file input-v3.cif (mmCIF, C-alpha atoms and all ligand atoms)
data_start
#
loop_
_atom_site.group_PDB
_atom_site.id
_atom_site.type_symbol
_atom_site.label_atom_id
_atom_site.label_comp_id
_atom_site.auth_asym_id
_atom_site.auth_seq_id
_atom_site.Cartn_x
_atom_site.Cartn_y
_atom_site.Cartn_z
ATOM 1 C CA MET A 4 80.790 -67.781 -104.970
ATOM 2 C CA ARG A 5 77.339 -69.328 -105.130
ATOM 3 C CA HIS A 6 77.249 -69.463 -101.360
ATOM 4 C CA TRP A 7 78.252 -65.795 -101.166
ATOM 5 C CA VAL A 8 75.522 -64.754 -103.623
ATOM 6 C CA PHE A 9 72.925 -66.710 -101.671
ATOM 7 C CA THR A 10 74.049 -65.104 -98.409
ATOM 8 C CA PHE A 11 74.004 -61.658 -99.966
ATOM 9 C CA LEU A 12 70.498 -62.165 -101.343
ATOM 10 C CA THR A 13 69.250 -63.522 -98.021
ATOM 11 C CA VAL A 14 70.654 -60.557 -96.125
ATOM 12 C CA PHE A 15 69.316 -58.134 -98.707
ATOM 13 C CA ALA A 16 65.846 -59.726 -98.613
ATOM 14 C CA THR A 17 65.817 -59.671 -94.793
ATOM 15 C CA VAL A 18 66.787 -56.007 -94.673
ATOM 16 C CA ALA A 19 64.206 -55.141 -97.346
ATOM 17 C CA CYS A 20 61.427 -57.001 -95.506
ATOM 18 C CA THR A 21 62.321 -55.494 -92.145
ATOM 19 C CA SER A 22 62.388 -52.072 -93.705
ATOM 20 C CA ASN A 23 58.998 -52.515 -95.422
ATOM 21 C CA LYS A 24 57.465 -53.919 -92.260
ATOM 22 C CA ALA A 25 58.729 -50.985 -90.231
ATOM 23 C CA HIS A 26 57.248 -48.506 -92.654
ATOM 24 C CA SER A 27 53.875 -50.224 -92.892
ATOM 25 C CA ALA A 28 53.445 -50.386 -89.101
ATOM 26 C CA SER A 29 54.884 -46.998 -88.273
ATOM 27 C CA ASP A 30 56.945 -44.229 -89.746
ATOM 28 C CA THR A 31 60.373 -45.109 -88.403
ATOM 29 C CA TYR A 32 62.861 -42.347 -89.066
ATOM 30 C CA SER A 33 65.887 -43.934 -87.491
ATOM 31 C CA THR A 34 66.168 -47.579 -88.373
ATOM 32 C CA ALA A 35 67.824 -49.941 -85.934
ATOM 33 C CA GLU A 36 70.808 -50.492 -88.206
ATOM 34 C CA SER A 37 71.614 -46.760 -88.357
ATOM 35 C CA VAL A 38 71.305 -46.124 -84.623
ATOM 36 C CA ALA A 39 74.433 -46.607 -82.584
ATOM 37 C CA ARG A 40 74.168 -48.823 -79.552
ATOM 38 C CA GLY A 41 73.270 -46.731 -76.533
ATOM 39 C CA THR A 42 71.557 -43.969 -78.517
ATOM 40 C CA LYS A 43 68.664 -42.499 -76.575
ATOM 41 C CA ARG A 44 65.287 -42.897 -78.235
ATOM 42 C CA ILE A 45 62.082 -40.902 -78.391
ATOM 43 C CA LEU A 46 58.689 -42.343 -79.330
ATOM 44 C CA VAL A 47 56.429 -39.784 -81.025
ATOM 45 C CA PHE A 48 52.771 -40.873 -80.761
ATOM 46 C CA THR A 49 50.144 -39.144 -82.919
ATOM 47 C CA SER A 50 47.064 -41.361 -82.646
ATOM 48 C CA THR A 51 43.790 -39.408 -82.944
ATOM 49 C CA LYS A 52 40.349 -40.724 -81.990
ATOM 50 C CA GLY A 53 38.800 -37.247 -82.162
ATOM 51 C CA PHE A 54 39.884 -34.112 -84.055
ATOM 52 C CA ARG A 55 42.945 -34.588 -86.243
ATOM 53 C CA HIS A 56 45.329 -31.652 -86.617
ATOM 54 C CA ASP A 57 46.707 -31.198 -90.117
ATOM 55 C CA SER A 58 49.916 -29.903 -88.502
ATOM 56 C CA ILE A 59 50.899 -33.394 -87.289
ATOM 57 C CA PRO A 60 53.303 -34.135 -90.187
ATOM 58 C CA GLU A 61 55.074 -30.790 -89.625
ATOM 59 C CA GLY A 62 55.219 -31.511 -85.890
ATOM 60 C CA VAL A 63 56.752 -34.942 -86.438
ATOM 61 C CA ARG A 64 59.325 -33.525 -88.855
ATOM 62 C CA CYS A 65 60.208 -30.774 -86.374
ATOM 63 C CA LEU A 66 60.635 -33.213 -83.470
ATOM 64 C CA ARG A 67 62.764 -35.505 -85.635
ATOM 65 C CA ASP A 68 65.024 -32.578 -86.565
ATOM 66 C CA LEU A 69 65.313 -31.260 -83.003
ATOM 67 C CA ALA A 70 65.964 -34.724 -81.580
ATOM 68 C CA GLN A 71 68.548 -35.655 -84.164
ATOM 69 C CA ALA A 72 70.345 -32.338 -83.586
ATOM 70 C CA GLN A 73 70.767 -33.479 -79.965
ATOM 71 C CA GLY A 74 71.871 -36.978 -80.978
ATOM 72 C CA PHE A 75 68.592 -38.757 -80.164
ATOM 73 C CA ALA A 76 66.761 -41.263 -82.349
ATOM 74 C CA VAL A 77 63.066 -40.758 -83.129
ATOM 75 C CA GLU A 78 60.437 -43.351 -83.921
ATOM 76 C CA HIS A 79 56.958 -42.202 -84.929
ATOM 77 C CA THR A 80 53.868 -44.327 -84.492
ATOM 78 C CA GLU A 81 50.077 -44.252 -84.424
ATOM 79 C CA ASP A 82 49.986 -47.824 -83.102
ATOM 80 C CA ALA A 83 48.810 -48.118 -79.470
ATOM 81 C CA LYS A 84 50.225 -51.669 -79.388
ATOM 82 C CA GLN A 85 53.677 -50.072 -79.028
ATOM 83 C CA PHE A 86 52.585 -49.246 -75.471
ATOM 84 C CA ASN A 87 53.733 -52.434 -73.806
ATOM 85 C CA ALA A 88 56.408 -52.844 -71.133
ATOM 86 C CA LYS A 89 58.965 -54.512 -73.414
ATOM 87 C CA ASN A 90 58.722 -51.901 -76.153
ATOM 88 C CA LEU A 91 58.487 -48.869 -73.847
ATOM 89 C CA ALA A 92 61.718 -49.987 -72.180
ATOM 90 C CA ARG A 93 63.512 -49.064 -75.451
ATOM 91 C CA PHE A 94 62.559 -45.392 -75.073
ATOM 92 C CA ASP A 95 63.744 -42.516 -72.889
ATOM 93 C CA CYS A 96 60.829 -40.201 -73.727
ATOM 94 C CA VAL A 97 57.311 -40.521 -75.143
ATOM 95 C CA VAL A 98 55.753 -37.557 -76.965
ATOM 96 C CA PHE A 99 51.975 -37.202 -77.342
ATOM 97 C CA LEU A 100 51.881 -34.819 -80.320
ATOM 98 C CA SER A 101 48.301 -33.531 -80.763
ATOM 99 C CA THR A 102 46.789 -36.859 -79.819
ATOM 100 C CA THR A 103 43.004 -36.741 -79.274
ATOM 101 C CA GLY A 104 40.431 -38.936 -77.561
ATOM 102 C CA ASP A 105 40.804 -42.398 -76.084
ATOM 103 C CA VAL A 106 44.068 -43.572 -77.635
ATOM 104 C CA LEU A 107 45.186 -46.267 -75.155
ATOM 105 C CA GLU A 108 43.306 -49.054 -73.414
ATOM 106 C CA GLY A 109 43.651 -51.657 -70.653
ATOM 107 C CA GLU A 110 47.152 -53.053 -70.338
ATOM 108 C CA GLN A 111 48.564 -50.334 -72.615
ATOM 109 C CA GLU A 112 47.542 -47.776 -69.977
ATOM 110 C CA ASP A 113 48.873 -49.915 -67.124
ATOM 111 C CA ASP A 114 52.232 -50.419 -68.844
ATOM 112 C CA PHE A 115 52.580 -46.736 -69.776
ATOM 113 C CA LYS A 116 51.741 -45.649 -66.198
ATOM 114 C CA GLU A 117 54.325 -48.090 -64.812
ATOM 115 C CA TRP A 118 56.945 -46.872 -67.333
ATOM 116 C CA MET A 119 56.290 -43.228 -66.392
ATOM 117 C CA GLU A 120 56.324 -43.740 -62.636
ATOM 118 C CA THR A 121 59.568 -45.713 -62.724
ATOM 119 C CA GLY A 122 61.542 -42.954 -64.443
ATOM 120 C CA GLY A 123 59.880 -42.268 -67.800
ATOM 121 C CA ALA A 124 59.538 -38.872 -69.459
ATOM 122 C CA PHE A 125 56.373 -37.531 -71.110
ATOM 123 C CA PHE A 126 56.214 -34.611 -73.552
ATOM 124 C CA GLY A 127 52.678 -33.393 -74.276
ATOM 125 C CA ILE A 128 52.138 -30.968 -77.124
ATOM 126 C CA HIS A 129 48.893 -29.037 -77.812
ATOM 127 C CA ALA A 130 46.006 -31.574 -77.955
ATOM 128 C CA ALA A 131 47.767 -33.954 -75.550
ATOM 129 C CA THR A 132 45.373 -32.331 -73.031
ATOM 130 C CA ASP A 133 42.430 -33.198 -75.361
ATOM 131 C CA THR A 134 43.229 -36.881 -74.809
ATOM 132 C CA GLU A 135 42.149 -39.695 -72.437
ATOM 133 C CA PHE A 136 39.384 -37.785 -70.629
ATOM 134 C CA THR A 137 38.158 -40.926 -68.856
ATOM 135 C CA TRP A 138 41.572 -42.036 -67.523
ATOM 136 C CA PRO A 139 42.035 -40.175 -64.196
ATOM 137 C CA TRP A 140 45.757 -41.012 -63.909
ATOM 138 C CA TYR A 141 46.383 -39.442 -67.328
ATOM 139 C CA GLY A 142 44.466 -36.296 -66.322
ATOM 140 C CA ARG A 143 46.595 -35.904 -63.186
ATOM 141 C CA MET A 144 49.789 -36.708 -65.112
ATOM 142 C CA VAL A 145 49.199 -34.251 -67.983
ATOM 143 C CA GLY A 146 48.138 -31.548 -65.512
ATOM 144 C CA ALA A 147 44.918 -30.236 -67.122
ATOM 145 C CA TYR A 148 42.184 -31.105 -69.588
ATOM 146 C CA PHE A 149 41.300 -28.954 -72.595
ATOM 147 C CA SER A 150 37.818 -27.376 -72.569
ATOM 148 C CA SER A 151 37.519 -24.967 -75.523
ATOM 149 C CA HIS A 152 39.382 -22.488 -77.722
ATOM 150 C CA PRO A 153 38.737 -19.257 -79.598
ATOM 151 C CA LYS A 154 39.959 -18.727 -83.182
ATOM 152 C CA VAL A 155 43.681 -18.740 -84.006
ATOM 153 C CA GLN A 156 45.120 -15.313 -83.127
ATOM 154 C CA PRO A 157 48.214 -13.639 -81.644
ATOM 155 C CA ALA A 158 48.569 -13.602 -77.842
ATOM 156 C CA ASP A 159 51.193 -12.893 -75.188
ATOM 157 C CA GLN A 160 52.632 -15.646 -73.056
ATOM 158 C CA VAL A 161 54.470 -14.409 -69.960
ATOM 159 C CA VAL A 162 57.571 -16.309 -68.857
ATOM 160 C CA VAL A 163 57.092 -17.398 -65.224
ATOM 161 C CA ASP A 164 60.272 -19.473 -64.851
ATOM 162 C CA ALA A 165 63.072 -18.173 -67.077
ATOM 163 C CA LYS A 166 65.595 -20.704 -65.776
ATOM 164 C CA HIS A 167 64.064 -23.771 -67.405
ATOM 165 C CA PRO A 168 65.797 -24.977 -70.611
ATOM 166 C CA ALA A 169 62.448 -24.575 -72.457
ATOM 167 C CA THR A 170 62.041 -20.904 -71.553
ATOM 168 C CA THR A 171 65.497 -19.485 -70.957
ATOM 169 C CA MET A 172 65.824 -18.177 -74.539
ATOM 170 C CA LEU A 173 62.361 -16.599 -74.696
ATOM 171 C CA PRO A 174 61.457 -12.922 -74.335
ATOM 172 C CA ALA A 175 59.741 -12.049 -71.006
ATOM 173 C CA ARG A 176 56.523 -11.491 -72.973
ATOM 174 C CA TRP A 177 56.423 -13.953 -75.849
ATOM 175 C CA ARG A 178 53.946 -12.870 -78.520
ATOM 176 C CA ARG A 179 53.022 -15.416 -81.165
ATOM 177 C CA THR A 180 50.050 -16.717 -83.127
ATOM 178 C CA ASP A 181 48.417 -20.027 -82.185
ATOM 179 C CA GLU A 182 45.169 -21.614 -81.027
ATOM 180 C CA TRP A 183 44.961 -20.747 -77.321
ATOM 181 C CA TYR A 184 43.308 -23.307 -75.089
ATOM 182 C CA ASN A 185 40.918 -22.833 -72.187
ATOM 183 C CA PHE A 186 41.206 -25.661 -69.655
ATOM 184 C CA ARG A 187 38.779 -27.341 -67.270
ATOM 185 C CA GLY A 188 41.157 -26.682 -64.370
ATOM 186 C CA PHE A 189 44.751 -27.308 -63.363
ATOM 187 C CA GLU A 190 46.390 -29.873 -61.118
ATOM 188 C CA SER A 191 47.851 -28.208 -58.025
ATOM 189 C CA ASP A 192 51.304 -29.792 -58.443
ATOM 190 C CA ILE A 193 52.238 -28.318 -61.844
ATOM 191 C CA HIS A 194 55.371 -26.167 -62.031
ATOM 192 C CA VAL A 195 54.228 -23.274 -64.258
ATOM 193 C CA LEU A 196 56.688 -22.094 -66.914
ATOM 194 C CA LEU A 197 54.479 -19.867 -69.096
ATOM 195 C CA ARG A 198 51.218 -18.040 -68.456
ATOM 196 C CA LEU A 199 48.836 -16.785 -71.103
ATOM 197 C CA ASP A 200 47.817 -13.136 -70.708
ATOM 198 C CA GLU A 201 44.089 -13.244 -71.453
ATOM 199 C CA LYS A 202 44.031 -9.451 -71.902
ATOM 200 C CA SER A 203 46.226 -9.892 -74.992
ATOM 201 C CA TYR A 204 43.614 -11.827 -77.035
ATOM 202 C CA VAL A 205 39.888 -12.502 -77.342
ATOM 203 C CA GLY A 206 38.085 -15.596 -76.040
ATOM 204 C CA GLY A 207 40.066 -16.610 -72.943
ATOM 205 C CA LYS A 208 37.909 -18.084 -70.143
ATOM 206 C CA ASN A 209 40.425 -19.071 -67.437
ATOM 207 C CA GLY A 210 41.843 -15.688 -66.419
ATOM 208 C CA GLU A 211 45.622 -15.404 -66.852
ATOM 209 C CA HIS A 212 46.391 -19.105 -66.946
ATOM 210 C CA PRO A 213 49.227 -21.605 -67.371
ATOM 211 C CA SER A 214 50.136 -22.478 -70.964
ATOM 212 C CA ALA A 215 53.302 -24.509 -70.368
ATOM 213 C CA TRP A 216 54.315 -26.480 -67.293
ATOM 214 C CA CYS A 217 56.240 -29.459 -66.000
ATOM 215 C CA LYS A 218 55.972 -31.758 -63.008
ATOM 216 C CA SER A 219 57.344 -34.906 -61.438
ATOM 217 C CA VAL A 220 55.423 -38.126 -62.017
ATOM 218 C CA GLY A 221 56.690 -40.685 -59.501
ATOM 219 C CA GLU A 222 60.359 -41.143 -60.440
ATOM 220 C CA GLY A 223 59.594 -39.758 -63.897
ATOM 221 C CA LYS A 224 58.741 -36.296 -65.193
ATOM 222 C CA MET A 225 56.515 -34.565 -67.697
ATOM 223 C CA PHE A 226 56.438 -31.363 -69.735
ATOM 224 C CA TYR A 227 53.450 -29.851 -71.525
ATOM 225 C CA THR A 228 53.104 -26.895 -73.860
ATOM 226 C CA ALA A 229 49.722 -25.749 -75.145
ATOM 227 C CA GLY A 230 50.951 -24.275 -78.436
ATOM 228 C CA GLY A 231 51.447 -26.175 -81.670
ATOM 229 C CA HIS A 232 48.050 -26.091 -83.408
ATOM 230 C CA THR A 233 49.292 -24.530 -86.612
ATOM 231 C CA LYS A 234 51.693 -25.918 -89.212
ATOM 232 C CA GLU A 235 53.585 -22.626 -89.007
ATOM 233 C CA SER A 236 54.382 -23.208 -85.313
ATOM 234 C CA TYR A 237 56.855 -25.921 -86.238
ATOM 235 C CA THR A 238 58.982 -23.655 -88.425
ATOM 236 C CA GLU A 239 59.006 -20.699 -85.963
ATOM 237 C CA PRO A 240 62.541 -20.382 -84.542
ATOM 238 C CA GLU A 241 61.346 -19.475 -81.029
ATOM 239 C CA PHE A 242 58.735 -22.237 -80.822
ATOM 240 C CA ARG A 243 61.312 -24.734 -82.113
ATOM 241 C CA ALA A 244 63.813 -23.519 -79.492
ATOM 242 C CA HIS A 245 61.111 -23.914 -76.815
ATOM 243 C CA LEU A 246 60.455 -27.515 -77.931
ATOM 244 C CA ALA A 247 64.179 -28.276 -78.217
ATOM 245 C CA GLY A 248 64.735 -27.023 -74.647
ATOM 246 C CA ALA A 249 61.860 -29.131 -73.360
ATOM 247 C CA LEU A 250 63.283 -32.186 -75.105
ATOM 248 C CA ALA A 251 66.773 -31.571 -73.704
ATOM 249 C CA TRP A 252 65.305 -31.290 -70.183
ATOM 250 C CA LEU A 253 63.195 -34.432 -70.547
ATOM 251 C CA MET A 254 66.099 -36.459 -71.962
ATOM 252 C CA ASN A 255 68.502 -35.432 -69.193
ATOM 253 C CA PRO A 256 68.001 -37.616 -66.116
ATOM 254 C CA ALA A 257 70.267 -35.297 -64.105
ATOM 255 C CA ALA A 258 68.172 -32.180 -64.887
ATOM 256 C CA ALA A 259 66.634 -30.444 -61.886
ATOM 257 C CA LYS A 260 63.304 -31.827 -60.722
ATOM 258 C CA PRO A 261 60.342 -29.440 -60.952
ATOM 259 C CA THR A 262 59.650 -27.542 -57.743
ATOM 260 C CA ILE A 263 56.241 -26.462 -56.468
ATOM 261 C CA PRO A 264 55.246 -23.674 -56.454
ATOM 262 C CA SER A 265 56.906 -22.064 -59.453
ATOM 263 C CA PRO A 266 59.419 -19.310 -58.720
ATOM 264 C CA ALA A 267 58.073 -15.776 -58.882
ATOM 265 C CA SER A 268 57.676 -14.146 -62.280
ATOM 266 C CA ARG A 269 60.736 -12.279 -63.501
HETATM 267 ZN ZN ZN B 1 44.287 -27.251 -82.141
#

call {"tool": "encode", "arguments": {"input": "input-v3.cif", "output": "C-alpha cells", "more": "lines below"}}
Ligand SMILES: [Zn+2]
result
Amino acid sequence: MRHWVFTFLTVFATVACTSNKAHSASDTYSTAESVARGTKRILVFTSTKGFRHDSIPEGVRCLRDLAQAQGFAVEHTEDAKQFNAKNLARFDCVVFLSTTGDVLEGEQEDDFKEWMETGGAFFGIHAATDTEFTWPWYGRMVGAYFSSHPKVQPADQVVVDAKHPATTMLPARWRRTDEWYNFRGFESDIHVLLRLDEKSYVGGKNGEHPSAWCKSVGEGKMFYTAGGHTKESYTEPEFRAHLAGALAWLMNPAAAKPTIPSPASR
C-alpha cells in the first residue's frame, strides 16, 4: 500500500511538473499523453519582433479548432528554440501566424530550411510576409514581402484556381473585410489561388495582385494567404473554410503539387 501511494504520488508529481513546464514554455493544446501515437502534428509559431497583431489569440484558437476537426494535434509556441532538427521532425506542418520581424537565427534557420526542403509544409498567414526580410531563402520560400497597407476595408478577391482545397468552396468573387497588403514584388514560381481586385477598394499599389498562393519548396510545399489581420476573420465561416482547406492540402502528402503557371481564371 505504501509503495502504491509513493508510486501514485511520483507519477502525479511528474505529470504535474511536465504539464506546468509545457505551459510555461509554450501554450501546448494537445499534450503528449492525449495524442495517439501516429497523430499528425502542427506547430503554430507566433513570435513577433515587430508589430504584434491583437488577433493572434483568435487565430491560434481557430487553427486549433480546424486542426482538431481534421484529427491533427496542434502545439503553439513563441519559442524560436523549437526550430531545431530533432523537434521539427515531430511536426508535419509549421504555421507562421502573423509573425513579424527577425524571428529565427543561425542554426534555427538552417534546420528549418532543411526540414522544409526535405518534405516539410509551411502555412503563412497575414504578416508571415512581414517576417525575416534579411533572410533571402525565406523571401523566396514565402513568395513575397509585405510593403504597406491601407486601412481595414471590404475588398473583392477573385478566385484564380477554384480546384484547390482552399478555394473550392469560395464564391468566384469573394468579398470580405480585412487589411489588404501591398507587396514589394512576387516570386515567379508562385501558383496563384486568389487575386485582389484593386478596383474594389482604396489604397492598392500593386495592380490586381495575388493574395493567396502556394508553391513547391524542394520536396516540401507552402501555402500563404494575406488575410487574417482582424480578430473577426477567425470566426468568419468562409475564411475558416479557406484556412481549413489550406491545412488539409498541406497535411496531405499525396495532394497535387502546385503547377506553374496557375490555371486560367474561371
Ligand atoms: Zn495586419

call {"tool": "atom_distance", "arguments": {"input": "input-v3.cif", "atom1": "CA of Trp183 (chain A)", "atom2": "CA of His212 (chain A)"}}
result
10.6 Å

call {"tool": "atom_distance", "arguments": {"input": "input-v3.cif", "atom1": "CA of Lys52 (chain A)", "atom2": "CA of Arg243 (chain A)"}}
result
26.4 Å

call {"tool": "atom_distance", "arguments": {"input": "input-v3.cif", "atom1": "CA of Phe54 (chain A)", "atom2": "CA of Asp133 (chain A)"}}
result
9.1 Å

call {"tool": "residues_around", "arguments": {"input": "input-v3.cif", "residues": "region 113-125 of chain A", "least_positions_apart": "3", "cutoff": "10 Å", "atoms": "only C-alpha atoms", "output": "count of residues only"}}
result
42

call {"tool": "axis_aligned_box", "arguments": {"input": "input-v3.cif", "around": "region 119-124 of chain A", "padding_each_side": "4 Å", "output": "lines of an AutoDock Vina configuration file"}}
result
center_x = 58.9
center_y = -42.3
center_z = -66.0
size_x = 13.3
size_y = 14.8
size_z = 14.8

call {"tool": "residues_near_ligand", "arguments": {"input": "input-v3.cif", "ligand": "ligand ZN 1 (chain B)", "cutoff": "7 Å", "atoms": "only C-alpha atoms and all ligand atoms", "output": "list in words"}}
result
His56, His129, Ala130, Glu182 and His232 of chain A

call {"tool": "write_last_selection", "arguments": {"input": "input-v3.cif", "atoms": "C-alpha atoms", "output": "tab-separated table (two decimals), in the frame of the given file"}}
result
chain	number	residue	atom	x	y	z
A	56	HIS	CA	45.33	-31.65	-86.62
A	129	HIS	CA	48.89	-29.04	-77.81
A	130	ALA	CA	46.01	-31.57	-77.96
A	182	GLU	CA	45.17	-21.61	-81.03
A	232	HIS	CA	48.05	-26.09	-83.41

call {"tool": "resolve_selection", "arguments": {"input": "input-v3.cif", "expression": "the PyMOL selection byres (((chain A and resi 153) around 10) and not hetatm)", "output": "ChimeraX atom specification"}}
result
/A:151-152,154-156,182-185,204-208

call {"tool": "closest_residue", "arguments": {"input": "input-v3.cif", "among": "A:Ala83, A:Ala131, A:Val77, A:Ile263", "to": "Glu112 (chain A)", "atoms": "all atoms listed in the file"}}
result
A:Ala83

call {"tool": "closest_residue", "arguments": {"input": "input-v3.cif", "among": "A:Ala158, A:Thr42, A:Arg176, A:Leu246", "to": "Gly231 (chain A)", "atoms": "only C-alpha atoms"}}
result
A:Leu246

call {"tool": "resolve_selection", "arguments": {"input": "input-v3.cif", "expression": "the PyMOL selection byres (((chain A and resi 170) around 10) and not hetatm)", "output": "PyMOL selection string"}}
result
chain A and resi 162-169+171-175+177+196-197+215+241-242+244-246+248-249

call {"tool": "resolve_selection", "arguments": {"input": "input-v3.cif", "expression": "the PyMOL selection byres (((chain A and resi 59) around 9) and not hetatm)", "output": "list in words"}}
result
Thr49, Arg55, His56, Asp57, Ser58, Pro60, Glu61, Gly62, Val63, Arg64, Leu100, Ser101, His232 and Lys234 of chain A
